[in-house]
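To start, the structure itself, in C-alpha cells.
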Amino acid sequence: MSGELLNKITLSIVEGRPDEAVDLTRQALADGLEPLTIIDEGLTAGMNIVGDKFQTGEYYLPHLIIAASGMQQAMELLEPELKARQQAAESAGVVVIGSVAGDIHEIGKSLVGTMMSASGFQVYDLGVDVSTEAFVAKVKETGADILGLSALLTTTMTVQRQVVRELEEAGIRDQVKVMIGGAPISQEWAETIAADGYAEDAVGAVELAKQMVA
C-alpha cells in the first residue's frame, strides 16, 4: 500500500500536478510513512525522472518549473514533521546562490536553487542584485561547498569575476567551488575568470554540483 502511494507521489511530480503532490504527501504522513521515505522514494524519485526527461528533450523549462513547485510545496509540508521527529534529510552539501550585483533576473536562479534543494542540497538563496561582499560573507558564515553566481546580462557577467577575486582576497577561494551560469555565460568564460564550472540549465547545475562535492 505504501509503495503504491509513493508511486503516486512520484507520478504527480512527473506529470506536473503540484496540488496532487501536496495532497498525496499529506495522505502519506497520515498513513504513517516516514518523511524521509516520502522525500527519497516519492518526491526526489519524481524530480530525477523530470530531470532525465528534460535532458533528453522530452520536457521543457515549464515542466521543470511546475515539477519543482510541487516538490517545494510538499517539502514545506514535510519540514515541520522532520523537525518534530528530530530528523533531517541527508544534505548533499551547502550551496549559496544569487544573481550578481546589477542583475535582477530571478526565475532561472530560483529554479536552480529549487532543483538543488530537491536534490538534497542545503541552499541559501540570497536573491537578486547581490553585492560581492554579501556573497563572500555568506560563504564564510555557512562554510558553503558551492557558490552559484547567476548573470543574465553582458554588463553584469564581469561581476562574477569580481566575486572570484574577492574570495581570493578573503583567503577562502580554495574552500568553495564557484559555479556560474546565465544567458551570456559559457565554459570559456568560466575558464577565463577561474571559476570551477559552468552549467547551461538547472538540471546541468545539479549534476555539476553533485560532481563538485563527490
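By order in the C-alpha cells, chains are A, B, ...; within a chain, residues start at 1; ligands start at 1, following the order shown.
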| query | If you run DSSP on the backbone, which residues of segment 48-188 of chain A are strand (DSSP E or B), as a ChimeraX atom specification? | reply | /A:93-100,121-125,130,146-150,177-181
Output the selection as a tab-separated table (two decimals), in the first residue's frame - C-alpha atoms for each residue.
```
chain	number	residue	atom	x	y	z
A	93	GLY	CA	26.25	19.85	0.53
A	94	VAL	CA	25.80	23.55	1.24
A	95	VAL	CA	25.10	25.95	-1.63
A	96	VAL	CA	24.99	29.75	-1.63
A	97	ILE	CA	23.34	31.16	-4.73
A	98	GLY	CA	22.24	34.51	-6.11
A	99	SER	CA	22.17	36.91	-9.05
A	100	VAL	CA	25.17	39.22	-9.00
A	121	PHE	CA	21.49	20.36	-1.03
A	122	GLN	CA	21.06	22.92	1.73
A	123	VAL	CA	20.50	26.11	-0.25
A	124	TYR	CA	20.91	29.73	0.82
A	125	ASP	CA	19.32	31.85	-1.91
A	130	VAL	CA	23.57	40.66	-4.52
A	146	ILE	CA	29.46	25.68	-3.65
A	147	LEU	CA	28.81	29.29	-4.63
A	148	GLY	CA	26.44	29.77	-7.57
A	149	LEU	CA	26.66	33.09	-9.41
A	150	SER	CA	23.98	34.00	-11.95
A	177	LYS	CA	33.68	25.69	-5.63
A	178	VAL	CA	32.38	28.53	-7.82
A	179	MET	CA	29.69	27.67	-10.34
A	180	ILE	CA	28.46	30.27	-12.84
A	181	GLY	CA	25.51	30.47	-15.20
```
| request: List the neighbours of Lys138 of chain A out to 9 Å using only C-alpha atoms; skip same-chain residues closer than 4 positions along the sequence, and give me the result as a list of chain:residue names. | output: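 Residues meeting the cut-off are A:Val96, A:Tyr124, A:Leu126, A:Glu133, A:Ala134, A:Thr142, A:Gly143, A:Ala144.
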| request: May I have all residues of segment 35-167 of chain A that DSSP, computed from the backbone, assigns to alpha helix (DSSP H), given as a VMD selection string? | output: chain A and resid 35 to 38 44 to 55 61 to 84 107 to 118 132 to 142 157 to 167
I need the residues from that last selection saved to file as a PDB file, in the first residue's frame (with C-alpha atoms), if you can.
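Contents of selection-v3.pdb, as written:
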```
ATOM      1  CA  PRO A  35       9.003  11.942   5.989  1.00  0.00           C
ATOM      2  CA  LEU A  36      12.443  10.841   4.756  1.00  0.00           C
ATOM      3  CA  THR A  37      10.871   7.928   2.908  1.00  0.00           C
ATOM      4  CA  ILE A  38       8.361  10.254   1.252  1.00  0.00           C
ATOM      5  CA  THR A  44      13.049  13.009  -5.267  1.00  0.00           C
ATOM      6  CA  ALA A  45      12.349   9.978  -7.447  1.00  0.00           C
ATOM      7  CA  GLY A  46       9.908  12.122  -9.421  1.00  0.00           C
ATOM      8  CA  MET A  47      12.333  15.017  -9.776  1.00  0.00           C
ATOM      9  CA  ASN A  48      15.015  12.637 -11.052  1.00  0.00           C
ATOM     10  CA  ILE A  49      12.669  11.428 -13.799  1.00  0.00           C
ATOM     11  CA  VAL A  50      11.749  15.014 -14.700  1.00  0.00           C
ATOM     12  CA  GLY A  51      15.447  15.882 -14.913  1.00  0.00           C
ATOM     13  CA  ASP A  52      16.106  12.933 -17.210  1.00  0.00           C
ATOM     14  CA  LYS A  53      13.185  13.904 -19.464  1.00  0.00           C
ATOM     15  CA  PHE A  54      14.469  17.480 -19.621  1.00  0.00           C
ATOM     16  CA  GLN A  55      17.925  16.337 -20.648  1.00  0.00           C
ATOM     17  CA  LEU A  61      11.500  24.580 -18.924  1.00  0.00           C
ATOM     18  CA  PRO A  62       7.792  24.883 -17.937  1.00  0.00           C
ATOM     19  CA  HIS A  63       7.783  21.191 -16.978  1.00  0.00           C
ATOM     20  CA  LEU A  64      10.791  21.787 -14.736  1.00  0.00           C
ATOM     21  CA  ILE A  65       9.214  24.819 -13.085  1.00  0.00           C
ATOM     22  CA  ILE A  66       5.927  23.029 -12.350  1.00  0.00           C
ATOM     23  CA  ALA A  67       7.660  19.916 -11.017  1.00  0.00           C
ATOM     24  CA  ALA A  68       9.953  21.995  -8.811  1.00  0.00           C
ATOM     25  CA  SER A  69       6.928  23.885  -7.485  1.00  0.00           C
ATOM     26  CA  GLY A  70       5.254  20.618  -6.482  1.00  0.00           C
ATOM     27  CA  MET A  71       8.418  19.426  -4.784  1.00  0.00           C
ATOM     28  CA  GLN A  72       8.846  22.712  -2.932  1.00  0.00           C
ATOM     29  CA  GLN A  73       5.244  22.807  -1.679  1.00  0.00           C
ATOM     30  CA  ALA A  74       5.417  19.202  -0.495  1.00  0.00           C
ATOM     31  CA  MET A  75       8.706  19.892   1.292  1.00  0.00           C
ATOM     32  CA  GLU A  76       7.092  22.797   3.152  1.00  0.00           C
ATOM     33  CA  LEU A  77       4.609  20.263   4.483  1.00  0.00           C
ATOM     34  CA  LEU A  78       7.324  17.778   5.434  1.00  0.00           C
ATOM     35  CA  GLU A  79       9.879  20.068   7.077  1.00  0.00           C
ATOM     36  CA  PRO A  80       7.888  20.609  10.328  1.00  0.00           C
ATOM     37  CA  GLU A  81       7.432  16.843  10.547  1.00  0.00           C
ATOM     38  CA  LEU A  82      11.155  16.276  10.100  1.00  0.00           C
ATOM     39  CA  LYS A  83      11.903  18.764  12.892  1.00  0.00           C
ATOM     40  CA  ALA A  84       9.276  17.205  15.172  1.00  0.00           C
ATOM     41  CA  ILE A 107      13.431  32.921 -12.455  1.00  0.00           C
ATOM     42  CA  GLY A 108      16.431  30.950 -13.685  1.00  0.00           C
ATOM     43  CA  LYS A 109      18.380  31.434 -10.488  1.00  0.00           C
ATOM     44  CA  SER A 110      15.391  30.453  -8.334  1.00  0.00           C
ATOM     45  CA  LEU A 111      14.808  27.318 -10.407  1.00  0.00           C
ATOM     46  CA  VAL A 112      18.415  26.269  -9.895  1.00  0.00           C
ATOM     47  CA  GLY A 113      18.022  26.815  -6.155  1.00  0.00           C
ATOM     48  CA  THR A 114      14.816  24.796  -6.027  1.00  0.00           C
ATOM     49  CA  MET A 115      16.308  21.963  -8.064  1.00  0.00           C
ATOM     50  CA  MET A 116      19.350  21.965  -5.783  1.00  0.00           C
ATOM     51  CA  SER A 117      17.098  21.725  -2.724  1.00  0.00           C
ATOM     52  CA  ALA A 118      15.128  18.929  -4.358  1.00  0.00           C
ATOM     53  CA  THR A 132      30.123  40.904  -3.872  1.00  0.00           C
ATOM     54  CA  GLU A 133      30.590  41.489  -0.144  1.00  0.00           C
ATOM     55  CA  ALA A 134      27.321  39.687   0.653  1.00  0.00           C
ATOM     56  CA  PHE A 135      28.395  36.609  -1.323  1.00  0.00           C
ATOM     57  CA  VAL A 136      31.754  36.446   0.451  1.00  0.00           C
ATOM     58  CA  ALA A 137      30.170  36.988   3.870  1.00  0.00           C
ATOM     59  CA  LYS A 138      27.607  34.227   3.341  1.00  0.00           C
ATOM     60  CA  VAL A 139      30.248  31.766   2.154  1.00  0.00           C
ATOM     61  CA  LYS A 140      32.218  32.497   5.340  1.00  0.00           C
ATOM     62  CA  GLU A 141      29.124  32.214   7.532  1.00  0.00           C
ATOM     63  CA  THR A 142      27.833  28.933   6.097  1.00  0.00           C
ATOM     64  CA  MET A 157      28.826  38.998 -16.106  1.00  0.00           C
ATOM     65  CA  THR A 158      32.088  40.756 -15.190  1.00  0.00           C
ATOM     66  CA  VAL A 159      30.830  40.917 -11.597  1.00  0.00           C
ATOM     67  CA  GLN A 160      31.279  37.135 -11.473  1.00  0.00           C
ATOM     68  CA  ARG A 161      34.995  37.756 -11.964  1.00  0.00           C
ATOM     69  CA  GLN A 162      34.955  40.309  -9.135  1.00  0.00           C
ATOM     70  CA  VAL A 163      33.387  37.792  -6.757  1.00  0.00           C
ATOM     71  CA  VAL A 164      36.059  35.203  -7.559  1.00  0.00           C
ATOM     72  CA  ARG A 165      38.747  37.821  -6.899  1.00  0.00           C
ATOM     73  CA  GLU A 166      37.138  38.848  -3.607  1.00  0.00           C
ATOM     74  CA  LEU A 167      37.084  35.210  -2.486  1.00  0.00           C
TER      75      LEU A 167
END
```
| request: With a distance cut-off of 9 Å and only C-alpha atoms, select the neighbouring residues of Ala199 of chain A, excluding the residue or stretch itself and same-chain residues fewer than 4 positions from it, and output the selection as a list in words. | output: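 Those residues are Met179, Ile180, Gly181, Gly182, Ile185, Ser186, Gln187, Val203, Gly204, Ala205, Val206, Glu207 and Leu208 of chain A.
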Would you save the residues of that selection, restricted to N, CA and C atoms, as a PDB file, in the first residue's frame?
```pdb
ATOM      1  N   MET A 179      30.444  28.068  -9.161  1.00  0.00           N
ATOM      2  CA  MET A 179      29.692  27.670 -10.341  1.00  0.00           C
ATOM      3  C   MET A 179      29.009  28.913 -10.915  1.00  0.00           C
ATOM      4  N   ILE A 180      29.079  29.091 -12.235  1.00  0.00           N
ATOM      5  CA  ILE A 180      28.462  30.267 -12.841  1.00  0.00           C
ATOM      6  C   ILE A 180      27.460  29.851 -13.922  1.00  0.00           C
ATOM      7  N   GLY A 181      26.510  30.739 -14.185  1.00  0.00           N
ATOM      8  CA  GLY A 181      25.511  30.469 -15.204  1.00  0.00           C
ATOM      9  C   GLY A 181      24.805  31.741 -15.616  1.00  0.00           C
ATOM     10  N   GLY A 182      23.972  31.630 -16.651  1.00  0.00           N
ATOM     11  CA  GLY A 182      23.248  32.778 -17.183  1.00  0.00           C
ATOM     12  C   GLY A 182      23.353  32.812 -18.689  1.00  0.00           C
ATOM     13  N   ILE A 185      26.727  33.471 -20.449  1.00  0.00           N
ATOM     14  CA  ILE A 185      27.859  32.759 -19.832  1.00  0.00           C
ATOM     15  C   ILE A 185      28.196  31.492 -20.609  1.00  0.00           C
ATOM     16  N   SER A 186      29.478  31.148 -20.611  1.00  0.00           N
ATOM     17  CA  SER A 186      29.949  29.953 -21.322  1.00  0.00           C
ATOM     18  C   SER A 186      31.052  29.284 -20.516  1.00  0.00           C
ATOM     19  N   GLN A 187      31.410  28.085 -20.926  1.00  0.00           N
ATOM     20  CA  GLN A 187      32.527  27.383 -20.288  1.00  0.00           C
ATOM     21  C   GLN A 187      33.820  28.173 -20.485  1.00  0.00           C
ATOM     22  N   VAL A 203      19.129  21.588 -14.546  1.00  0.00           N
ATOM     23  CA  VAL A 203      19.478  20.172 -14.440  1.00  0.00           C
ATOM     24  C   VAL A 203      20.998  19.998 -14.515  1.00  0.00           C
ATOM     25  N   GLY A 204      21.608  20.713 -15.433  1.00  0.00           N
ATOM     26  CA  GLY A 204      23.064  20.668 -15.547  1.00  0.00           C
ATOM     27  C   GLY A 204      23.752  21.190 -14.300  1.00  0.00           C
ATOM     28  N   ALA A 205      23.148  22.211 -13.665  1.00  0.00           N
ATOM     29  CA  ALA A 205      23.720  22.777 -12.447  1.00  0.00           C
ATOM     30  C   ALA A 205      23.710  21.756 -11.317  1.00  0.00           C
ATOM     31  N   VAL A 206      22.620  20.998 -11.206  1.00  0.00           N
ATOM     32  CA  VAL A 206      22.526  19.967 -10.166  1.00  0.00           C
ATOM     33  C   VAL A 206      23.583  18.885 -10.408  1.00  0.00           C
ATOM     34  N   GLU A 207      23.715  18.440 -11.642  1.00  0.00           N
ATOM     35  CA  GLU A 207      24.700  17.408 -11.957  1.00  0.00           C
ATOM     36  C   GLU A 207      26.114  17.881 -11.673  1.00  0.00           C
ATOM     37  N   LEU A 208      26.384  19.146 -12.042  1.00  0.00           N
ATOM     38  CA  LEU A 208      27.711  19.709 -11.797  1.00  0.00           C
ATOM     39  C   LEU A 208      27.969  19.816 -10.304  1.00  0.00           C
TER      40      LEU A 208
END
```
| Two-atom distance - atom CA of Ser12 of chain A, atom CA of Ile39 of chain A (Å) |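 Atom-to-atom, atom CA of Ser12 of chain A to atom CA of Ile39 of chain A, that is 13.3 Å.
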| Nearest to Thr25 of chain A by atom-to-atom distance, counting only C-alpha atoms, from A:Met212, A:Leu6, A:Leu11, A:Val128 |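 Residue with the minimum atom-to-atom distance to Thr25 of chain A: A:Leu6.
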| Just how far from atom CA of Ile9 of chain A is atom CA of Asp31 of chain A, in Å to one decimal? |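 For atom CA of Asp31 of chain A relative to atom CA of Ile9 of chain A, the distance reads 13.6 Å.
Nearest residue to Tyr59 of chain A, choosing from A:Ala183, A:Glu106, A:Gly16, A:Gln211 and counting only C-alpha atoms: A:Gly16.
Atom to atom, atom CA of Ala28 of chain A and atom CA of Ser91 of chain A stand 22.5 Å apart.
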